[in-house]
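Data block below; observations after.
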Number of protein chains: 2
Amino acid sequence: MTLDENWFSEICSERGSAFSLKITEKLHTEQSEFQYIEIFQTETFGKLMVIDGFTMLSSFDNFLYHEMLAHPALFIHDAPQKVLIIGGGDCGTLREVLKHDSVKEAHQVDIDECVTRISEKFFPELCTSNNDARASLHFDDGIKWVKNAKAGEYDLIIIDSTDPVGPAEGLFTEKFYRDCHHALGDNGILVQQSESPLFHMGIIKPIRDAMYSAGFPSQLTINFPQCIYPSGWWSATLSGKNKVALEKFREQDVDQRSFETRYYNSAIHRAAMAQPEFMLRELEMRDEK
Amino acid sequence: MTLDENWFSEICSERGSAFSLKITEKLHTEQSEFQYIEIFQTETFGKLMVIDGFTMLSSFDNFLYHEMLAHPALFIHDAPQKVLIIGGGDCGTLREVLKHDSVKEAHQVDIDECVTRISEKFFPELCTSNNDARASLHFDDGIKWVKNAKAGEYDLIIIDSTDPVGPAEGLFTEKFYRDCHHALGDNGILVQQSESPLFHMGIIKPIRDAMYSAGFPSQLTINFPQCIYPSGWWSATLSGKNKVALEKFREQDVDQRSFETRYYNSAIHRAAMAQPEFMLRELEMRDEK
């Protein structure tokens, strides 16, 4: 029953749980300027990227996360043209964003170029849009990038970051969200990956509070399965600038979309907005304070 | 990164994945007539029941599974009065079923009395309805029980079983579903726990096919998170006798229910019915054959 060196395990220490994948080969390791990156060949999940000991993505199940980080917000916005992705160096979110014909420009700003170079080698299927004329890949500090952005420059900002510890910590603060608010257009939407509803309401609530304090009047946390992340259940929290009605989306456009998805469709979009009883209770507590 | 003897790991060998919980104490082990049962104290998930090496339930997250096995079907049926639970020896499903005032009688038939006695000791919160006057607990063969049931005796049959290997194998067959069909009333509903949408479409499809072949014209697979089960994402497959419209439910009654839930509500009920793109594709393939 014990897992030997043929398994990669990510321990979620605060919850005393772990998720493991059986490994057949270590394909690559690299200490970048910012983090320690490993690529494993797994037995059944394809390739696995691990950063500083945390599973980032597998070939098998990354579609869940990448589709849900991109499409709900893109279909809530009336006509998203200019999109900023902070983090997302594996390029999977960028690929989903560029499936939308309305998008004229997508900037990806990840601090660590190594992640992208490694992804191009080991996850080429995620990098098929890197050379799209609408895409520009920048290897820079996302916090600085947003601070220097023009007022109202972006329709969407997607924060596709690691957990709120280490290099990504500054991406979960009111100060940063305030800069995002400034960089977003009138109907702009901010999307932040926001951890597990089952494990991390203590992170989700502060994210929502910080977004609210930063000037976003409405928040919506959407939930979806994500096998390799702690608890197997994950979320993204969306904030709308001004009076964006986050619960409305271009349903007909979803149904008539010109591209393929593997998880997302209009029924899944609606489903992702459903808040379990325990979330309603915990979030109401926040709203009452 | 390797997990030592302070962890309990369930390996999902066909998928090369594993889920582990940190253990502080082994509280109980017992070889019953049918299976090997272990109870662990975990660090953060409360108590954990393991049968033949497979995690059955934890104090922390069993509410997801038990609520979703019971309430959707109970609120689809117009007025469920008599309910049969096959398996379910931990009594968590029974507790949820008996929250419904319309239910006049609930029969629980688990082959292994040890599971119930152990649950009464280590999961007393799941057994609070065991002495309800409407409940009767039988320790018997569920297949035989259903075979001997009167025609149209039950409004609902819930198969709350282990995986389709070993003792529970016979609960996943057309023959058994045919007997369920006979034992269900005109608007009767059959509920079967049906494994992971991400890992086990190869089990879900045959379950749906077998139910259809057994005379149930319509099937509905509902999805929900379940952290400790393989992939962290689970399903139940419902079949309606005659022309039960499985996609309709007593939404107003859900919203005005007299009892508490932690996951289930009307939005979650609707959400659980959403079929991801990959499921639609795989299930359409079935329907075309």
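Within each chain, counting starts at residue 1; across the structure tokens, chains are named A, B, ... in the order shown, with ligands numbered 1 upward in that order.
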Under the rule of at most 12 Å, produce a per-residue listing of segment 25-121 of chain A near segment 269-278 of chain B: chain, number, name, the closest pair of atoms, and the distance in Å, as JSON lines, using only C-alpha atoms.
```
{"residue": "A:Asp61", "atom": "CA", "partner": "B:Phe278", "partner_atom": "CA", "distance": 11.9}
{"residue": "A:Phe63", "atom": "CA", "partner": "B:Phe278", "partner_atom": "CA", "distance": 10.8}
{"residue": "A:Leu64", "atom": "CA", "partner": "B:Pro276", "partner_atom": "CA", "distance": 9.8}
{"residue": "A:Glu67", "atom": "CA", "partner": "B:Glu277", "partner_atom": "CA", "distance": 11.4}
{"residue": "A:Met68", "atom": "CA", "partner": "B:Pro276", "partner_atom": "CA", "distance": 11.6}
```
Segment 66-233 of chain B: which residues are strand (DSSP E) by DSSP, as number ranges by chain?
B: 82-87, 105-110, 135-139, 154-160, 184-193, 218-225, 233
Would you mind exporting the chosen residues as a JSON list (two decimals), in the first residue's frame, restricted to C-alpha atoms?
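Listing of part.json after writing:
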```
[["chain", "number", "residue", "atom", "x", "y", "z"],
["B", 82, "LYS", "CA", -41.26, 3.15, -0.12],
["B", 83, "VAL", "CA", -37.52, 3.06, -0.72],
["B", 84, "LEU", "CA", -35.10, 0.15, -0.99],
["B", 85, "ILE", "CA", -31.39, 0.64, -0.44],
["B", 86, "ILE", "CA", -29.14, -2.18, -1.64],
["B", 87, "GLY", "CA", -25.76, -2.03, 0.09],
["B", 105, "GLU", "CA", -40.81, 2.89, 4.70],
["B", 106, "ALA", "CA", -37.12, 2.42, 3.92],
["B", 107, "HIS", "CA", -35.56, -1.01, 3.65],
["B", 108, "GLN", "CA", -31.80, -1.26, 3.76],
["B", 109, "VAL", "CA", -30.39, -4.57, 2.56],
["B", 110, "ASP", "CA", -26.65, -5.01, 2.99],
["B", 135, "ALA", "CA", -36.45, 2.11, 8.77],
["B", 136, "SER", "CA", -35.78, -1.60, 8.63],
["B", 137, "LEU", "CA", -32.26, -2.94, 8.35],
["B", 138, "HIS", "CA", -31.83, -6.35, 6.75],
["B", 139, "PHE", "CA", -28.58, -8.23, 6.41],
["B", 154, "TYR", "CA", -40.89, 0.17, -4.32],
["B", 155, "ASP", "CA", -40.90, 3.76, -5.52],
["B", 156, "LEU", "CA", -37.14, 3.98, -5.45],
["B", 157, "ILE", "CA", -34.31, 1.47, -5.45],
["B", 158, "ILE", "CA", -30.88, 2.91, -4.60],
["B", 159, "ILE", "CA", -27.87, 0.70, -5.27],
["B", 160, "ASP", "CA", -25.24, 2.04, -2.89],
["B", 184, "LEU", "CA", -40.45, -0.78, -8.96],
["B", 185, "GLY", "CA", -43.83, 0.93, -9.22],
["B", 186, "ASP", "CA", -45.07, 2.72, -12.32],
["B", 187, "ASN", "CA", -43.08, 5.89, -11.74],
["B", 188, "GLY", "CA", -40.25, 4.10, -10.02],
["B", 189, "ILE", "CA", -36.66, 5.22, -10.22],
["B", 190, "LEU", "CA", -33.51, 3.15, -10.00],
["B", 191, "VAL", "CA", -30.30, 4.80, -8.77],
["B", 192, "GLN", "CA", -26.90, 3.15, -9.18],
["B", 193, "GLN", "CA", -23.60, 4.61, -8.01],
["B", 218, "SER", "CA", -34.49, 6.53, -20.00],
["B", 219, "GLN", "CA", -31.17, 7.01, -18.21],
["B", 220, "LEU", "CA", -29.60, 10.05, -16.60],
["B", 221, "THR", "CA", -26.05, 10.15, -15.26],
["B", 222, "ILE", "CA", -25.47, 12.85, -12.66],
["B", 223, "ASN", "CA", -22.00, 14.02, -11.67],
["B", 224, "PHE", "CA", -20.62, 15.39, -8.43],
["B", 225, "PRO", "CA", -17.29, 15.84, -6.62],
["B", 233, "TRP", "CA", -15.21, 13.12, -9.40]]
```
Find the spatial neighbours of Pro124 of chain A, counting only C-alpha atoms, within a cut-off of 10 Å - ignore same-chain residues fewer than 6 positions away - and output them as an NGL selection string.
:A and (90-92 or 117-118 or 130)
Output file for the residues above (N, CA and C atoms, as a PDB file, in the first residue's frame):
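After the write, part27.pdb holds the following:
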```pdb
ATOM      1  N   ASP A  90       2.509  27.502 -19.568  1.00  0.00           N
ATOM      2  CA  ASP A  90       2.384  26.260 -20.354  1.00  0.00           C
ATOM      3  C   ASP A  90       1.622  26.493 -21.648  1.00  0.00           C
ATOM      4  N   CYS A  91       0.976  27.644 -21.776  1.00  0.00           N
ATOM      5  CA  CYS A  91       0.293  28.091 -22.997  1.00  0.00           C
ATOM      6  C   CYS A  91      -1.053  27.426 -23.272  1.00  0.00           C
ATOM      7  N   GLY A  92      -1.530  26.594 -22.358  1.00  0.00           N
ATOM      8  CA  GLY A  92      -2.823  25.933 -22.547  1.00  0.00           C
ATOM      9  C   GLY A  92      -3.991  26.906 -22.491  1.00  0.00           C
ATOM     10  N   ARG A 117       9.299  27.231 -22.643  1.00  0.00           N
ATOM     11  CA  ARG A 117      10.206  26.439 -23.500  1.00  0.00           C
ATOM     12  C   ARG A 117      10.025  24.946 -23.239  1.00  0.00           C
ATOM     13  N   ILE A 118       9.857  24.598 -21.971  1.00  0.00           N
ATOM     14  CA  ILE A 118       9.666  23.196 -21.602  1.00  0.00           C
ATOM     15  C   ILE A 118       8.306  22.699 -22.103  1.00  0.00           C
ATOM     16  N   ASN A 130       0.979  29.389 -30.167  1.00  0.00           N
ATOM     17  CA  ASN A 130       2.034  30.327 -29.748  1.00  0.00           C
ATOM     18  C   ASN A 130       2.498  31.214 -30.896  1.00  0.00           C
TER      19      ASN A 130
END
```
Using only C-alpha atoms, find the residues of chain A whose closest atom to chain B is at most 6 Å away, then write them as a PDB file with N, CA and C atoms, in the first residue's frame.
```pdb
ATOM      1  N   MET A   1       0.820  -1.200   0.000  1.00  0.00           N
ATOM      2  CA  MET A   1       0.000   0.000   0.000  1.00  0.00           C
ATOM      3  C   MET A   1       0.860   1.258   0.000  1.00  0.00           C
ATOM      4  N   THR A   2       2.108   1.170   0.451  1.00  0.00           N
ATOM      5  CA  THR A   2       2.944   2.367   0.397  1.00  0.00           C
ATOM      6  C   THR A   2       3.393   2.590  -1.047  1.00  0.00           C
ATOM      7  N   LEU A   3       3.577   3.860  -1.371  1.00  0.00           N
ATOM      8  CA  LEU A   3       3.926   4.224  -2.738  1.00  0.00           C
ATOM      9  C   LEU A   3       5.431   4.425  -2.802  1.00  0.00           C
ATOM     10  N   ASP A   4       6.076   3.722  -3.684  1.00  0.00           N
ATOM     11  CA  ASP A   4       7.533   3.778  -3.756  1.00  0.00           C
ATOM     12  C   ASP A   4       7.995   4.852  -4.742  1.00  0.00           C
ATOM     13  N   SER A   9       4.167  11.914  -5.879  1.00  0.00           N
ATOM     14  CA  SER A   9       3.087  12.301  -4.970  1.00  0.00           C
ATOM     15  C   SER A   9       3.145  13.781  -4.678  1.00  0.00           C
ATOM     16  N   ARG A  15      -4.145  19.610   4.464  1.00  0.00           N
ATOM     17  CA  ARG A  15      -5.319  18.745   4.498  1.00  0.00           C
ATOM     18  C   ARG A  15      -4.971  17.282   4.722  1.00  0.00           C
ATOM     19  N   GLY A  16      -3.700  16.997   4.904  1.00  0.00           N
ATOM     20  CA  GLY A  16      -3.297  15.614   5.165  1.00  0.00           C
ATOM     21  C   GLY A  16      -3.708  14.659   4.067  1.00  0.00           C
ATOM     22  N   SER A  17      -3.724  15.154   2.820  1.00  0.00           N
ATOM     23  CA  SER A  17      -4.084  14.292   1.693  1.00  0.00           C
ATOM     24  C   SER A  17      -2.980  14.348   0.646  1.00  0.00           C
ATOM     25  N   ALA A  18      -2.992  13.385  -0.247  1.00  0.00           N
ATOM     26  CA  ALA A  18      -1.995  13.371  -1.312  1.00  0.00           C
ATOM     27  C   ALA A  18      -2.597  12.741  -2.559  1.00  0.00           C
ATOM     28  N   PHE A  19      -2.149  13.216  -3.707  1.00  0.00           N
ATOM     29  CA  PHE A  19      -2.534  12.608  -4.976  1.00  0.00           C
ATOM     30  C   PHE A  19      -1.254  12.153  -5.667  1.00  0.00           C
ATOM     31  N   SER A  20      -1.286  10.963  -6.220  1.00  0.00           N
ATOM     32  CA  SER A  20      -0.074  10.387  -6.800  1.00  0.00           C
ATOM     33  C   SER A  20      -0.342   9.834  -8.192  1.00  0.00           C
ATOM     34  N   LEU A  21       0.688   9.908  -9.014  1.00  0.00           N
ATOM     35  CA  LEU A  21       0.614   9.296 -10.341  1.00  0.00           C
ATOM     36  C   LEU A  21       1.800   8.366 -10.517  1.00  0.00           C
ATOM     37  N   LYS A  22       1.550   7.248 -11.171  1.00  0.00           N
ATOM     38  CA  LYS A  22       2.623   6.290 -11.412  1.00  0.00           C
ATOM     39  C   LYS A  22       3.495   6.790 -12.562  1.00  0.00           C
ATOM     40  N   GLU A  43       2.294   6.699 -16.267  1.00  0.00           N
ATOM     41  CA  GLU A  43       1.822   5.452 -16.879  1.00  0.00           C
ATOM     42  C   GLU A  43       0.574   5.690 -17.728  1.00  0.00           C
ATOM     43  N   THR A  44      -0.358   6.510 -17.223  1.00  0.00           N
ATOM     44  CA  THR A  44      -1.648   6.657 -17.926  1.00  0.00           C
ATOM     45  C   THR A  44      -2.113   8.105 -18.095  1.00  0.00           C
ATOM     46  N   CYS A 227      -8.810  16.607 -11.636  1.00  0.00           N
ATOM     47  CA  CYS A 227      -8.319  15.394 -10.982  1.00  0.00           C
ATOM     48  C   CYS A 227      -6.995  15.551 -10.254  1.00  0.00           C
ATOM     49  N   SER A 231      -7.940  17.585  -3.744  1.00  0.00           N
ATOM     50  CA  SER A 231      -9.381  17.293  -3.603  1.00  0.00           C
ATOM     51  C   SER A 231     -10.045  16.911  -4.927  1.00  0.00           C
ATOM     52  N   GLY A 232      -9.376  17.125  -6.058  1.00  0.00           N
ATOM     53  CA  GLY A 232      -9.961  16.760  -7.348  1.00  0.00           C
ATOM     54  C   GLY A 232     -11.056  17.702  -7.812  1.00  0.00           C
ATOM     55  N   ARG A 262     -13.662  19.763 -24.882  1.00  0.00           N
ATOM     56  CA  ARG A 262     -13.831  18.396 -24.356  1.00  0.00           C
ATOM     57  C   ARG A 262     -14.671  18.380 -23.082  1.00  0.00           C
ATOM     58  N   TYR A 263     -14.685  19.501 -22.356  1.00  0.00           N
ATOM     59  CA  TYR A 263     -15.503  19.593 -21.139  1.00  0.00           C
ATOM     60  C   TYR A 263     -16.582  20.659 -21.298  1.00  0.00           C
ATOM     61  N   ALA A 267     -24.375  23.860 -21.058  1.00  0.00           N
ATOM     62  CA  ALA A 267     -24.910  23.231 -19.841  1.00  0.00           C
ATOM     63  C   ALA A 267     -23.853  23.231 -18.736  1.00  0.00           C
ATOM     64  N   ILE A 268     -22.615  22.963 -19.112  1.00  0.00           N
ATOM     65  CA  ILE A 268     -21.521  22.973 -18.137  1.00  0.00           C
ATOM     66  C   ILE A 268     -21.274  24.393 -17.618  1.00  0.00           C
ATOM     67  N   ALA A 271     -23.871  24.945 -15.113  1.00  0.00           N
ATOM     68  CA  ALA A 271     -23.623  24.062 -13.967  1.00  0.00           C
ATOM     69  C   ALA A 271     -22.499  24.595 -13.079  1.00  0.00           C
ATOM     70  N   ALA A 274     -23.356  26.876 -10.173  1.00  0.00           N
ATOM     71  CA  ALA A 274     -24.139  26.402  -9.017  1.00  0.00           C
ATOM     72  C   ALA A 274     -23.266  26.408  -7.761  1.00  0.00           C
ATOM     73  N   PRO A 276     -22.744  25.083  -4.045  1.00  0.00           N
ATOM     74  CA  PRO A 276     -23.193  24.127  -3.032  1.00  0.00           C
ATOM     75  C   PRO A 276     -23.634  24.841  -1.756  1.00  0.00           C
ATOM     76  N   GLU A 277     -24.476  24.170  -0.982  1.00  0.00           N
ATOM     77  CA  GLU A 277     -24.974  24.751   0.259  1.00  0.00           C
ATOM     78  C   GLU A 277     -23.853  25.295   1.152  1.00  0.00           C
ATOM     79  N   PHE A 278     -22.781  24.501   1.317  1.00  0.00           N
ATOM     80  CA  PHE A 278     -21.747  24.956   2.251  1.00  0.00           C
ATOM     81  C   PHE A 278     -21.043  26.215   1.749  1.00  0.00           C
TER      82      PHE A 278
END
```
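Across the model, the gap from atom CA of Val97 of chain B to atom CA of Phe122 of chain B is 20.6 Å.
When atom CA of Gln35 of chain B is paired with atom CA of Val146 of chain B, their separation reads 22.0 Å.
With only C-alpha atoms as the atoms that count, the residue of A:Ile111, A:Leu74, A:Ile37, A:Ser258 with the shortest distance to Ala168 of chain A is A:Ile111.
Atom CA of Ile76 of chain A to atom CA of Lys248 of chain A spans 6.2 Å [interatomic distance, one decimal].
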Residues at most 7 Å from Ser102 of chain B, counting only C-alpha atoms, excluding those fewer than 3 positions away in the same chain, as a VMD selection string?
chain B and resid 79 to 81
May I have the selected residues written with N, CA and C atoms, as a PDB file, in the first residue's frame?
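Output saved as part_10.pdb:
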```pdb
ATOM      1  N   ALA B  79     -43.885  11.441  -5.299  1.00  0.00           N
ATOM      2  CA  ALA B  79     -44.230  11.217  -3.895  1.00  0.00           C
ATOM      3  C   ALA B  79     -43.641   9.877  -3.452  1.00  0.00           C
ATOM      4  N   PRO B  80     -42.326   9.834  -3.260  1.00  0.00           N
ATOM      5  CA  PRO B  80     -41.691   8.555  -2.911  1.00  0.00           C
ATOM      6  C   PRO B  80     -42.091   8.105  -1.506  1.00  0.00           C
ATOM      7  N   GLN B  81     -42.664   6.926  -1.426  1.00  0.00           N
ATOM      8  CA  GLN B  81     -43.120   6.435  -0.115  1.00  0.00           C
ATOM      9  C   GLN B  81     -42.295   5.258   0.368  1.00  0.00           C
TER      10      GLN B  81
END
```
